[in-house]
Each structure stands twice: as structure tokens, then as C-alpha cells.
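Asks: Below is the file query_2.csv, which contains CSV, C-alpha atoms and all ligand atoms.
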chain,number,residue,atom,x,y,z
F,6,MET,CA,-28.0,-12.1,-12.6
F,7,THR,CA,-26.7,-15.7,-12.3
F,8,VAL,CA,-27.2,-17.7,-9.1
F,9,GLU,CA,-23.5,-17.7,-8.7
F,10,ALA,CA,-23.2,-13.9,-9.0
F,11,ALA,CA,-26.2,-13.4,-6.6
F,12,MET,CA,-24.5,-15.7,-4.0
F,13,ARG,CA,-21.2,-13.8,-4.4
F,14,GLU,CA,-22.9,-10.4,-3.9
F,15,THR,CA,-24.5,-11.7,-0.7
F,16,SER,CA,-21.2,-13.0,0.6
F,17,LEU,CA,-19.5,-9.6,-0.2
F,18,GLU,CA,-22.1,-7.7,1.7
F,19,ALA,CA,-21.8,-10.2,4.6
F,20,ALA,CA,-18.1,-9.4,4.8
F,21,ILE,CA,-18.8,-5.8,5.9
F,22,GLY,CA,-18.2,-5.5,9.6
F,23,ARG,CA,-16.0,-8.6,9.8
F,24,LYS,CA,-13.2,-8.1,12.3
F,25,GLU,CA,-9.8,-9.5,13.3
F,26,SER,CA,-7.1,-8.4,15.6
F,27,ARG,CA,-3.4,-9.2,16.1
F,28,MET,CA,-0.7,-8.3,18.7
F,29,GLU,CA,3.0,-7.8,17.9
F,30,THR,CA,6.1,-6.2,19.3
F,31,ILE,CA,7.5,-3.4,17.2
F,32,LEU,CA,10.9,-5.1,17.0
F,33,PRO,CA,13.9,-2.6,16.5
F,34,GLU,CA,15.7,-5.2,14.3
F,35,ARG,CA,12.9,-5.1,11.7
F,36,VAL,CA,12.8,-1.3,11.8
F,37,ALA,CA,16.6,-1.2,11.3
F,38,ALA,CA,16.3,-3.7,8.3
F,39,LEU,CA,13.9,-1.3,6.5
F,40,VAL,CA,15.9,1.8,7.4
F,41,GLU,CA,18.9,0.2,5.7
F,42,THR,CA,16.9,-1.1,2.8
F,43,LEU,CA,15.5,2.4,2.1
F,44,GLU,CA,18.9,4.0,2.8
F,45,LEU,CA,17.4,6.5,5.3
F,46,PRO,CA,19.8,8.6,7.3
F,47,ASP,CA,18.2,8.2,10.8
F,48,MET,CA,18.0,5.0,12.7
F,49,PRO,CA,15.3,5.0,15.3
F,50,VAL,CA,16.1,2.9,18.4
F,51,ALA,CA,13.9,1.4,21.1
F,52,GLY,CA,11.8,4.2,22.7
F,53,GLN,CA,11.8,6.5,19.7
F,54,PRO,CA,8.8,7.0,17.3
F,55,LEU,CA,8.3,4.5,14.5
F,56,PRO,CA,8.8,6.4,11.1
F,57,ALA,CA,5.6,6.9,9.1
F,58,GLY,CA,4.6,3.9,7.0
F,59,PHE,CA,6.8,1.5,9.0
F,60,HIS,CA,3.7,0.0,10.7
F,61,TRP,CA,3.3,-2.0,7.4
F,62,LEU,CA,6.2,-4.1,8.5
F,63,PHE,CA,4.1,-5.6,11.3
F,64,PHE,CA,0.8,-7.5,12.0
F,65,ASN,CA,1.0,-9.4,8.7
F,66,PRO,CA,-0.5,-12.9,9.1
F,67,PHE,CA,1.8,-15.9,9.1
F,68,VAL,CA,-0.1,-18.3,6.9
F,69,ARG,CA,0.9,-21.8,5.9
F,70,ARG,CA,2.0,-22.2,2.3
F,71,SER,CA,-0.9,-24.6,1.7
F,72,SER,CA,-3.3,-21.8,2.6
F,73,LEU,CA,-2.0,-19.4,0.0
F,74,GLY,CA,-3.7,-18.6,-3.3
F,75,VAL,CA,-1.9,-18.8,-6.6
F,76,ASP,CA,-0.9,-15.2,-6.3
F,77,GLY,CA,1.0,-15.9,-3.1
F,78,HIS,CA,-1.4,-14.0,-0.8
F,79,PRO,CA,-3.5,-15.9,1.8
F,80,LYS,CA,-6.5,-17.4,0.0
F,81,THR,CA,-9.5,-15.0,0.1
F,82,GLY,CA,-12.7,-16.1,1.7
F,83,GLY,CA,-11.2,-15.8,5.2
F,84,PHE,CA,-11.0,-12.3,6.6
F,85,LEU,CA,-10.9,-10.7,3.1
F,86,PRO,CA,-13.9,-11.8,1.0
F,87,ASP,CA,-13.6,-13.8,-2.2
F,88,THR,CA,-14.6,-11.2,-4.9
F,89,GLY,CA,-14.2,-13.8,-7.7
F,90,LEU,CA,-11.6,-11.5,-9.3
F,91,PRO,CA,-8.1,-12.8,-9.4
F,92,ARG,CA,-5.8,-9.8,-9.5
F,93,ARG,CA,-5.1,-7.9,-6.3
F,94,MET,CA,-3.5,-4.5,-6.0
F,95,TRP,CA,-3.0,-2.1,-3.1
F,96,ALA,CA,-5.1,0.8,-4.4
F,97,GLY,CA,-4.5,3.5,-1.7
F,98,GLY,CA,-5.4,4.6,1.8
F,99,ARG,CA,-5.9,7.3,4.3
F,100,ILE,CA,-3.7,7.3,7.5
F,101,SER,CA,-4.0,9.4,10.7
F,102,TYR,CA,-1.0,9.5,13.0
F,103,HIS,CA,-2.7,10.3,16.3
F,104,ALA,CA,0.2,9.5,18.7
F,105,PRO,CA,3.7,8.1,18.2
F,106,LEU,CA,4.0,4.3,18.0
F,107,VAL,CA,7.2,3.6,19.8
F,108,VAL,CA,9.9,1.2,18.6
F,109,GLY,CA,10.1,-1.7,21.1
F,110,ALA,CA,6.5,-1.4,22.2
F,111,VAL,CA,3.9,-4.1,22.2
F,112,ALA,CA,1.0,-3.0,20.0
F,113,GLU,CA,-2.4,-4.3,18.9
F,114,LYS,CA,-3.9,-3.9,15.4
F,115,GLU,CA,-7.7,-4.2,15.1
F,116,SER,CA,-9.0,-4.5,11.6
F,117,GLU,CA,-12.5,-4.3,10.2
F,118,ILE,CA,-14.0,-4.5,6.7
F,119,LEU,CA,-15.7,-1.2,6.2
F,120,ASN,CA,-16.9,-1.5,2.7
F,121,VAL,CA,-16.9,-3.6,-0.5
F,122,ALA,CA,-17.7,-1.7,-3.7
F,123,GLU,CA,-18.0,-2.9,-7.2
F,124,LYS,CA,-17.0,-0.4,-10.0
F,125,ASN,CA,-16.4,-0.5,-13.7
F,126,GLY,CA,-12.9,0.6,-14.5
F,127,ARG,CA,-11.3,1.4,-17.9
F,128,ALA,CA,-9.7,-2.0,-17.9
F,129,GLY,CA,-12.8,-3.9,-16.7
F,130,ARG,CA,-14.6,-4.9,-13.5
F,131,LEU,CA,-13.1,-3.8,-10.2
F,132,VAL,CA,-14.0,-4.6,-6.6
F,133,PHE,CA,-12.6,-2.3,-3.9
F,134,VAL,CA,-12.4,-3.7,-0.4
F,135,THR,CA,-11.8,-1.0,2.3
F,136,VAL,CA,-10.4,-2.2,5.6
F,137,ARG,CA,-10.0,0.0,8.6
F,138,HIS,CA,-7.0,-0.7,10.9
F,139,ARG,CA,-6.5,0.8,14.3
F,140,ILE,CA,-3.1,0.3,16.0
F,141,SER,CA,-3.0,0.9,19.7
F,142,SER,CA,-0.2,0.6,22.3
F,143,GLY,CA,-0.6,0.9,26.1
F,144,GLY,CA,-4.2,1.9,25.7
F,145,THR,CA,-3.5,4.8,23.3
F,146,LEU,CA,-4.7,4.8,19.7
F,147,CYS,CA,-1.6,5.6,17.7
F,148,ILE,CA,-2.5,5.0,14.0
F,149,GLU,CA,-5.8,4.8,12.2
F,150,GLU,CA,-5.8,3.7,8.6
F,151,GLU,CA,-8.3,3.0,5.9
F,152,GLN,CA,-6.7,0.7,3.3
F,153,ASP,CA,-8.2,0.2,-0.2
F,154,ILE,CA,-7.5,-3.1,-1.8
F,155,VAL,CA,-8.7,-3.6,-5.4
F,156,TYR,CA,-9.4,-6.8,-7.2
F,157,ARG,CA,-9.5,-6.8,-11.0
F,158,ALA,CA,-10.7,-9.1,-13.7
F,159,PRO,CA,-8.2,-10.1,-16.3
F,160,PRO,CA,-8.6,-7.6,-19.2
F,161,ALA,CA,-10.2,-8.9,-22.4
F,162,ALA,CA,-7.6,-9.9,-24.9
F,163,ASP,CA,-8.6,-7.1,-27.2
F,164,ALA,CA,-9.1,-4.4,-24.5
F,165,PRO,CA,-6.9,-1.3,-25.1
F,166,LYS,CA,-4.4,-0.6,-22.3
F,167,PRO,CA,-5.6,2.4,-20.1
F,168,VAL,CA,-3.4,5.4,-20.8
F,169,PRO,CA,-2.2,6.9,-17.4
F,170,ALA,CA,-2.7,10.6,-16.7
F,171,ALA,CA,0.4,12.8,-16.8
F,172,ALA,CA,2.0,13.8,-13.5
F,173,PRO,CA,1.8,17.5,-12.5
F,174,GLU,CA,4.5,19.9,-13.6
F,175,GLY,CA,6.4,22.5,-11.5
F,176,ALA,CA,7.5,20.4,-8.5
F,177,ALA,CA,9.2,22.4,-5.7
F,178,TRP,CA,11.0,19.3,-4.4
F,179,THR,CA,12.0,16.2,-6.3
F,180,LYS,CA,14.0,13.0,-5.6
F,181,GLU,CA,14.8,10.1,-7.9
F,182,VAL,CA,14.3,6.5,-6.9
F,183,LYS,CA,15.7,3.4,-8.7
F,184,PRO,CA,13.6,0.4,-7.7
F,185,ASP,CA,16.0,-2.5,-8.3
F,186,PRO,CA,15.1,-6.1,-7.8
F,187,VAL,CA,16.9,-6.3,-4.4
F,188,LEU,CA,14.8,-3.4,-3.1
F,189,LEU,CA,11.6,-5.2,-4.2
F,190,PHE,CA,12.7,-8.5,-2.8
F,191,ARG,CA,13.7,-7.0,0.6
F,192,TYR,CA,10.5,-5.1,0.9
F,193,SER,CA,8.4,-8.2,0.2
F,194,ALA,CA,10.5,-10.2,2.7
F,195,LEU,CA,10.4,-7.5,5.4
F,196,THR,CA,6.6,-7.1,5.1
F,197,TYR,CA,6.1,-10.9,4.8
F,198,ASN,CA,4.2,-10.2,1.6
F,199,GLY,CA,4.2,-13.3,-0.7
F,200,HIS,CA,2.4,-11.5,-3.6
F,201,ARG,CA,4.3,-12.9,-6.7
F,202,ILE,CA,3.9,-9.8,-8.8
F,203,HIS,CA,6.7,-8.3,-6.8
F,204,TYR,CA,9.4,-11.0,-7.2
F,205,ASP,CA,8.3,-13.7,-9.6
F,206,ARG,CA,8.9,-12.3,-13.1
F,207,PRO,CA,7.3,-15.1,-15.1
F,208,TYR,CA,4.2,-14.9,-12.9
F,209,ALA,CA,4.0,-11.1,-13.1
F,210,THR,CA,4.4,-11.0,-16.9
F,211,GLU,CA,2.8,-14.2,-18.1
F,212,GLU,CA,-0.1,-14.7,-15.5
F,213,GLU,CA,-0.9,-11.1,-14.6
F,214,GLY,CA,0.2,-9.4,-17.8
F,215,TYR,CA,2.5,-6.7,-16.4
F,216,PRO,CA,5.6,-5.7,-18.3
F,217,GLY,CA,7.8,-6.5,-15.3
F,218,LEU,CA,7.9,-6.9,-11.5
F,219,VAL,CA,5.5,-4.4,-9.9
F,220,VAL,CA,6.8,-1.9,-7.2
F,221,HIS,CA,4.7,-2.3,-4.0
F,222,GLY,CA,2.2,0.5,-3.4
F,223,PRO,CA,3.0,0.7,0.3
F,224,LEU,CA,6.7,1.0,-0.5
F,225,ILE,CA,6.1,4.0,-2.7
F,226,ALA,CA,3.8,5.5,0.0
F,227,THR,CA,6.5,5.0,2.6
F,228,LEU,CA,9.1,6.7,0.4
F,229,LEU,CA,6.6,9.6,-0.2
F,230,GLN,CA,5.9,9.9,3.6
F,231,ASP,CA,9.7,10.1,4.3
F,232,PHE,CA,10.1,12.6,1.5
F,233,ALA,CA,7.2,14.7,2.8
F,234,GLN,CA,8.8,14.7,6.3
F,235,ARG,CA,12.1,15.9,4.7
F,236,CYS,CA,10.4,18.7,2.8
F,237,ARG,CA,8.9,19.8,6.2
F,238,PRO,CA,11.5,18.8,8.8
F,239,GLU,CA,9.9,21.1,11.4
F,240,GLY,CA,6.4,19.5,11.1
F,241,ARG,CA,5.0,16.3,12.5
F,242,LEU,CA,3.1,14.2,9.8
F,243,THR,CA,-0.4,13.8,11.2
F,244,ARG,CA,-2.3,12.6,8.1
F,245,PHE,CA,-1.3,11.0,4.8
F,246,GLU,CA,-3.7,10.1,2.0
F,247,PHE,CA,-2.6,8.4,-1.2
F,248,ARG,CA,-4.0,6.7,-4.3
F,249,GLY,CA,-2.2,4.5,-6.7
F,250,MET,CA,-3.0,5.7,-10.2
F,251,ALA,CA,-0.8,3.5,-12.4
F,252,PRO,CA,1.8,0.8,-11.5
F,253,LEU,CA,5.5,1.3,-11.4
F,254,PHE,CA,8.0,-1.4,-12.5
F,255,VAL,CA,11.3,-2.8,-11.4
F,256,ASP,CA,14.4,-0.9,-12.7
F,257,ASP,CA,12.3,2.0,-14.1
F,258,GLU,CA,13.5,5.1,-12.3
F,259,PHE,CA,10.7,7.2,-10.8
F,260,ALA,CA,10.6,10.5,-9.0
F,261,LEU,CA,9.0,11.6,-5.7
F,262,GLU,CA,7.8,15.2,-6.2
F,263,ALA,CA,6.0,17.8,-4.0
F,264,VAL,CA,4.6,21.3,-4.0
F,265,GLU,CA,3.1,23.4,-1.2
F,266,GLY,CA,-0.5,22.3,-0.5
F,267,GLU,CA,-3.7,24.4,-0.4
F,268,THR,CA,-3.2,25.4,3.2
F,269,PRO,CA,0.2,26.1,5.0
F,270,ASP,CA,-0.1,22.8,6.9
F,271,ARG,CA,-0.3,20.7,3.7
F,272,LEU,CA,2.0,19.3,1.0
F,273,SER,CA,0.7,17.8,-2.3
F,274,LEU,CA,2.9,15.0,-3.4
F,275,TRP,CA,3.1,12.5,-6.2
F,276,ALA,CA,5.2,9.7,-7.7
F,277,LYS,CA,6.1,10.3,-11.4
F,278,GLY,CA,6.8,7.3,-13.6
F,279,PRO,CA,9.5,7.1,-16.3
F,280,GLN,CA,7.2,8.3,-19.0
F,281,GLY,CA,6.1,11.3,-16.9
F,282,GLU,CA,2.9,9.4,-15.8
F,283,LEU,CA,1.2,10.0,-12.5
F,284,ALA,CA,1.8,6.7,-10.6
F,285,MET,CA,0.6,7.8,-7.1
F,286,LYS,CA,-0.9,11.0,-5.8
F,287,ALA,CA,-0.8,11.9,-2.1
F,288,GLU,CA,-1.6,14.7,0.4
F,289,ALA,CA,0.3,15.1,3.6
F,290,VAL,CA,-0.9,17.2,6.6
F,291,PHE,CA,1.4,18.4,9.3
F,292,GLY,CA,0.7,19.3,13.0
F,293,ALA,CA,3.0,20.8,15.5
F,301,LIG,C1,1.4,-4.7,-1.8
F,301,LIG,C2,0.3,-5.2,-2.7
F,301,LIG,C3,0.0,-4.9,-3.9
F,301,LIG,C4,0.6,-3.8,-4.6
F,301,LIG,O1,1.4,-3.0,-4.1
F,301,LIG,S1,0.1,-3.5,-6.3
F,301,LIG,C5,1.0,-2.1,-6.8
F,301,LIG,C6,0.5,-0.8,-6.2
F,301,LIG,N1,-0.8,-0.4,-6.7
F,301,LIG,C7,-0.9,0.1,-8.0
F,301,LIG,O2,0.0,0.2,-8.7
F,301,LIG,C8,-2.3,0.5,-8.4
F,301,LIG,C9,-2.2,1.5,-9.5
F,301,LIG,N2,-3.6,1.8,-10.0
F,301,LIG,C10,-4.1,1.2,-11.1
F,301,LIG,O3,-3.5,0.3,-11.7
F,301,LIG,C11,-5.5,1.7,-11.5
F,301,LIG,O4,-5.7,3.0,-11.0
F,301,LIG,C12,-6.6,0.7,-11.0
F,301,LIG,C13,-6.7,0.6,-9.5
F,301,LIG,C14,-6.4,-0.7,-11.6
F,301,LIG,C15,-8.0,1.3,-11.6
F,301,LIG,O5,-7.7,1.6,-12.9
F,301,LIG,P1,-8.9,1.8,-14.0
F,301,LIG,O6,-8.4,2.5,-15.1
F,301,LIG,O7,-9.5,0.5,-14.3
F,301,LIG,O8,-10.0,2.6,-13.1
F,301,LIG,P2,-10.7,4.0,-13.5
F,301,LIG,O9,-9.6,5.1,-13.5
F,301,LIG,O10,-11.5,3.8,-14.8
F,301,LIG,O11,-11.6,4.2,-12.3
F,301,LIG,C16,-12.8,3.4,-12.0
F,301,LIG,C17,-13.3,3.7,-10.7
F,301,LIG,O12,-12.4,3.2,-9.7
F,301,LIG,C18,-12.0,4.3,-8.8
F,301,LIG,N3,-10.5,4.2,-8.6
F,301,LIG,C19,-9.6,4.1,-9.5
F,301,LIG,N4,-8.4,4.0,-8.9
F,301,LIG,C20,-8.6,4.0,-7.6
F,301,LIG,C21,-7.8,3.8,-6.5
F,301,LIG,N5,-6.4,3.7,-6.6
F,301,LIG,N6,-8.3,3.9,-5.2
F,301,LIG,C22,-9.7,4.0,-5.1
F,301,LIG,N7,-10.5,4.1,-6.1
F,301,LIG,C23,-10.0,4.1,-7.4
F,301,LIG,C24,-12.3,5.6,-9.7
F,301,LIG,O13,-12.5,6.7,-8.8
F,301,LIG,C25,-13.6,5.2,-10.4
F,301,LIG,O14,-14.6,5.3,-9.4
F,301,LIG,P3,-16.0,5.9,-9.8
F,301,LIG,O15,-16.8,5.9,-8.6
F,301,LIG,O16,-15.7,7.3,-10.3
F,301,LIG,O17,-16.6,5.0,-10.9
F,301,LIG,C26,-0.5,-6.3,-2.1
F,301,LIG,O18,-1.3,-6.9,-2.8
F,301,LIG,O19,-0.3,-6.5,-0.8
Could you write out this file's structure as C-alpha cells?

Replies:
Amino acid sequence: MTVEAAMRETSLEAAIGRKESRMETILPERVAALVETLELPDMPVAGQPLPAGFHWLFFNPFVRRSSLGVDGHPKTGGFLPDTGLPRRMWAGGRISYHAPLVVGAVAEKESEILNVAEKNGRAGRLVFVTVRHRISSGGTLCIEEEQDIVYRAPPAADAPKPVPAAAPEGAAWTKEVKPDPVLLFRYSALTYNGHRIHYDRPYATEEEGYPGLVVHGPLIATLLQDFAQRCRPEGRLTRFEFRGMAPLFVDDEFALEAVEGETPDRLSLWAKGPQGELAMKAEAVFGA
């Protein structure tokens, strides 16, 4: 191991346990802006529960442009460790909805780095950073989430492109989504996410090697949670687990699909890409 690699490994381990916290008001205007962007039928107003996944609108750090990395995210090496790998993706997560987070409330998010794990993927070296977020309001823990962020090395020029797995067949419910550039732009703006792969086509294609602008993982996960809730209107979503399996791209229509889960309180869901590929898989659990 080189001295540089040994120092990096030490700094990655040192990141585990690092914490930060942030307070914010769950502003109804920002909730309304996402409802309209996603064309959802119900408009929650102050005092009503925040829809699942809408917490990603909030608690995102306001960082000076001079403190951003080339990818448009805050430079790593602050709260998130510098893995030495340039390409960030939102890999997945596990969310528990313990109690409603109410629109209009003041809430606090406490974040902690739970793990940093190096793996070898089909396309090269990967480092997964898992962050636990706890969102509370008025002394009640409302949402607990483990978020997996992956950092990737640029693939070798001669590396074959990993072939994505096929999505399951036999969906009981299905819904088409057309991710146009305005949807991606609005989602980036509303979540204050400067990641250039979502709106800067030359950067996404020439620097990160994607065929087009990349659809945000949390956007797909929010659409899947809304879809899950519509498949089970009588249930309350209490847990949602998802894993991004292959990226989706702007203007390529994809489908949200679902079947009954292994137990009556569950649904298995996925997002199916335009070639029938499994883009995201998810599991929803409902309580009373
Ligand atoms: C917002 C935002 C960013 C984004 O939204 S980016 C767009 C959304 N995210 C995606 O589209 C991710 C789609 N997934 C992938 O591209 C690939 O799955 C990934 C993560 C690059 C890994 O692909 P590989 O083919 O290189 O990996 P392998 O299948 O060979 O697996 C190697 C080990 O890694 C584990 N693993 C794979 N995928 C995940 C995952 N999504 N979450 C957690 N772990 C994963 C896999 O189990 C293997 O582990 P072993 O222990 O078995 O070795 C923003 O930046 O804010």
C-alpha cells in the first residue's frame, strides 16, 4: 500500500462517528413547489403530514460556490470524507417513518457517518459512505434514514460497460414516468442539489461518461413512495428501503411497478428502465 493510500484509509476510518446537525422550518411553499413539479393530486397544507420522501427538500447545506467541488457538490473532506474517488451517486437507503413530520413545523436533522466501506464493483473501485439521519420535531423522532452514497473511480478506457439486470415481470400495478429536463432541473433546484450530472449535459457526458443527464435517485425513490401509497391507500407507509441498480436518463421513459410483498403489510416495487432494465428496487412496509 502506498503512503497516500494508507493515509486515506486512516482518514476514512476517522470519519466514522462524525456528526452534524441542522434546523429548518418545513415551509409549505417548498412542499407545494414539489407537489406541482411531481403533478401529485393532493396538496398538503400547514399542519398536515409531509408526504414520504419530501424531507429531502430540507436540511441541505447552503455552501458558497467557492467551496464546491468540480461536480457541483460541496467539496468532500468536511462532513463527508474525501474517498479519493471523483464520481458520486446516491446508491440507496432505508427509511423508517416513525411519526408524521408536519408541514409548517420546525424540525432538526442530526446526521452521523455510520460506515465507510470499500468494495470492488463490476466497473471498478467503489467506496460506500453510509450516513444516518434522524429528523425530530417538538421532541418526537419522526424520520430515521440510513443513506448510502457511493463514490466511483472513472472506469478504465477499455472496461466493458456493466450490463444491468432485467426488471421483474408480472407487475400488478404500473405507472409510466417521462423524466424531462424541466423535471430534473426543478428537482435539483428544489433540493438545492448542485450535482452537475443532473442538469449540465456536457459535464454529465464528457466528464462522467453518462449517455445523458442522470435522473436523481431520491426523485425516483420519492415517486416510488408516492406510487406505493397509491397502491395501498388504506395503509400508512412506515418503512421504505431502496437500492439504485442502474442509472436512468433524461427523456427516457421509465415505469414504476409493484407486486404484493412477502407478507400482507408489504409491497415490492421497482423502477424499470426503457430497455426493461432494473433501475431501482424497493420494499415498502405499511402500518395502520
Ligand atoms: C442525488 C445524487 C445523485 C444521484 O441521484 S445519482 C443517480 C441515482 N443513483 C444511481 O443511479 C445508482 C445506480 N447504481 C449503479 O450505477 C450501480 O449499481 C453502482 C452503485 C455504480 C454499483 O455498480 P457495480 O456494477 O460497480 O457494482 P456491483 O453490482 O458489482 O456490486 C459491487 C458491490 O457493491 C454493492 N452494491 C452495488 N450497488 C449498490 C447499491 N446501490 N447500494 C449498496 N450497495 C451496492 C454490491 O452489493 C456489491 O457488494 P458485495 O459486498 O457483494 O461485494 C447526489 O449525488 O446527491

Asks: For the interface of chain F with ligand LIG 301 (chain F) (cut-off 7 Å, counting only C-alpha atoms and all ligand atoms), please tabulate each contacting residue of chain F alongside its nearest pair of atoms and their separation in Å to one decimal, rows sorted by chain and increasing number, as a Markdown table.

Replies:
| residue | atom | partner | partner_atom | distance |
| --- | --- | --- | --- | --- |
| F:Arg93 | CA | F:LIG301 | O18 | 5.3 |
| F:Met94 | CA | F:LIG301 | S1 | 3.7 |
| F:Trp95 | CA | F:LIG301 | C3 | 4.2 |
| F:Ala96 | CA | F:LIG301 | N5 | 3.9 |
| F:Gly97 | CA | F:LIG301 | N6 | 5.2 |
| F:Lys124 | CA | F:LIG301 | O17 | 5.5 |
| F:Asn125 | CA | F:LIG301 | C16 | 5.6 |
| F:Gly126 | CA | F:LIG301 | O7 | 3.4 |
| F:Arg127 | CA | F:LIG301 | O10 | 3.9 |
| F:Ala128 | CA | F:LIG301 | O7 | 4.4 |
| F:Gly129 | CA | F:LIG301 | O7 | 6.0 |
| F:Leu131 | CA | F:LIG301 | O7 | 6.9 |
| F:Asp153 | CA | F:LIG301 | N6 | 6.2 |
| F:Val155 | CA | F:LIG301 | C13 | 6.2 |
| F:Arg157 | CA | F:LIG301 | C14 | 6.9 |
| F:Pro167 | CA | F:LIG301 | O6 | 5.7 |
| F:Asn198 | CA | F:LIG301 | O19 | 6.3 |
| F:His200 | CA | F:LIG301 | O18 | 6.0 |
| F:Val219 | CA | F:LIG301 | C5 | 5.9 |
| F:Val220 | CA | F:LIG301 | C5 | 5.8 |
| F:His221 | CA | F:LIG301 | O1 | 3.4 |
| F:Gly222 | CA | F:LIG301 | C6 | 3.5 |
| F:Pro223 | CA | F:LIG301 | O1 | 6.0 |
| F:Arg248 | CA | F:LIG301 | N5 | 4.5 |
| F:Gly249 | CA | F:LIG301 | C9 | 4.1 |
| F:Met250 | CA | F:LIG301 | O4 | 3.9 |
| F:Ala251 | CA | F:LIG301 | C9 | 3.8 |
| F:Pro252 | CA | F:LIG301 | O2 | 3.4 |
| F:Leu253 | CA | F:LIG301 | O2 | 6.2 |
| F:Ala284 | CA | F:LIG301 | C9 | 6.7 |

Asks: Give me, please, the distance in Å between atom CA of Leu242 of chain F and atom CA of Val255 of chain F, quoted to one decimal.

Replies: 28.4 Å

Asks: If you take all atoms listed in the file and a cut-off of 12 Å, which residues of segment 49-149 of chain F touch segment 171-193 of chain F, and what are their nearest atom pairs and distances in Å to one decimal, in chain and number order, as JSON lines?

Replies:
{"residue": "F:Phe59", "atom": "CA", "partner": "F:Tyr192", "partner_atom": "CA", "distance": 11.1}
{"residue": "F:Trp61", "atom": "CA", "partner": "F:Tyr192", "partner_atom": "CA", "distance": 10.2}
{"residue": "F:Leu62", "atom": "CA", "partner": "F:Tyr192", "partner_atom": "CA", "distance": 8.8}
{"residue": "F:Asn65", "atom": "CA", "partner": "F:Ser193", "partner_atom": "CA", "distance": 11.3}
{"residue": "F:Gly77", "atom": "CA", "partner": "F:Ser193", "partner_atom": "CA", "distance": 11.2}
{"residue": "F:His78", "atom": "CA", "partner": "F:Ser193", "partner_atom": "CA", "distance": 11.4}

Asks: So that I have them on file, write out the residues from the current selection with C-alpha atoms, as a PDB file, in the frame of the given file.

Replies:
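And here's again-v2.pdb as it stands now:
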ATOM      1  CA  PHE F  59       6.800   1.500   9.000  1.00  0.00           C
ATOM      2  CA  TRP F  61       3.300  -2.000   7.400  1.00  0.00           C
ATOM      3  CA  LEU F  62       6.200  -4.100   8.500  1.00  0.00           C
ATOM      4  CA  ASN F  65       1.000  -9.400   8.700  1.00  0.00           C
ATOM      5  CA  GLY F  77       1.000 -15.900  -3.100  1.00  0.00           C
ATOM      6  CA  HIS F  78      -1.400 -14.000  -0.800  1.00  0.00           C
TER       7      HIS F  78
END

Asks: Could you jot down the atom CA of Arg241 of chain F to atom CA of Phe291 of chain F separation for me, Å, one decimal place?

Replies: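 Result for atom CA of Arg241 of chain F versus atom CA of Phe291 of chain F: 5.3 Å, one decimal.
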
Asks: Point out the residue among F:Asp47, F:Asp257, F:Glu282, F:Glu149 with the least atom-to-atom distance to Arg235 of chain F, counting only C-alpha atoms.

Replies: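 Going through F:Asp47, F:Asp257, F:Glu282, F:Glu149 one by one, the smallest distance to Arg235 of chain F is for F:Asp47.
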
Asks: Out of F:Leu55, F:Val40, F:Leu32, F:Met6, which residue has the shortest atom-to-atom distance to Gly109 of chain F when counting all atoms listed in the file?

Replies: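 The answer is F:Leu32, which sits nearest to Gly109 of chain F.
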
Asks: Please indicate the distance in Å from atom CA of Ser101 of chain F to atom CA of Val68 of chain F, rounded to one decimal place.

Replies: 28.2 Å

Asks: Just checking: using all atoms listed in the file, which residue out of F:Ala226, F:Leu90, F:Leu43, F:Ile31 ends up closest to Phe64 of chain F?

Replies: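 The shortest atom-to-atom distance to Phe64 of chain F comes from F:Ile31.
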
Asks: Using only C-alpha atoms, pick whichever of F:Tyr102, F:Val108, F:Val8, F:Val36 has the shortest atom-to-atom distance to Pro54 of chain F.

Replies: F:Val108
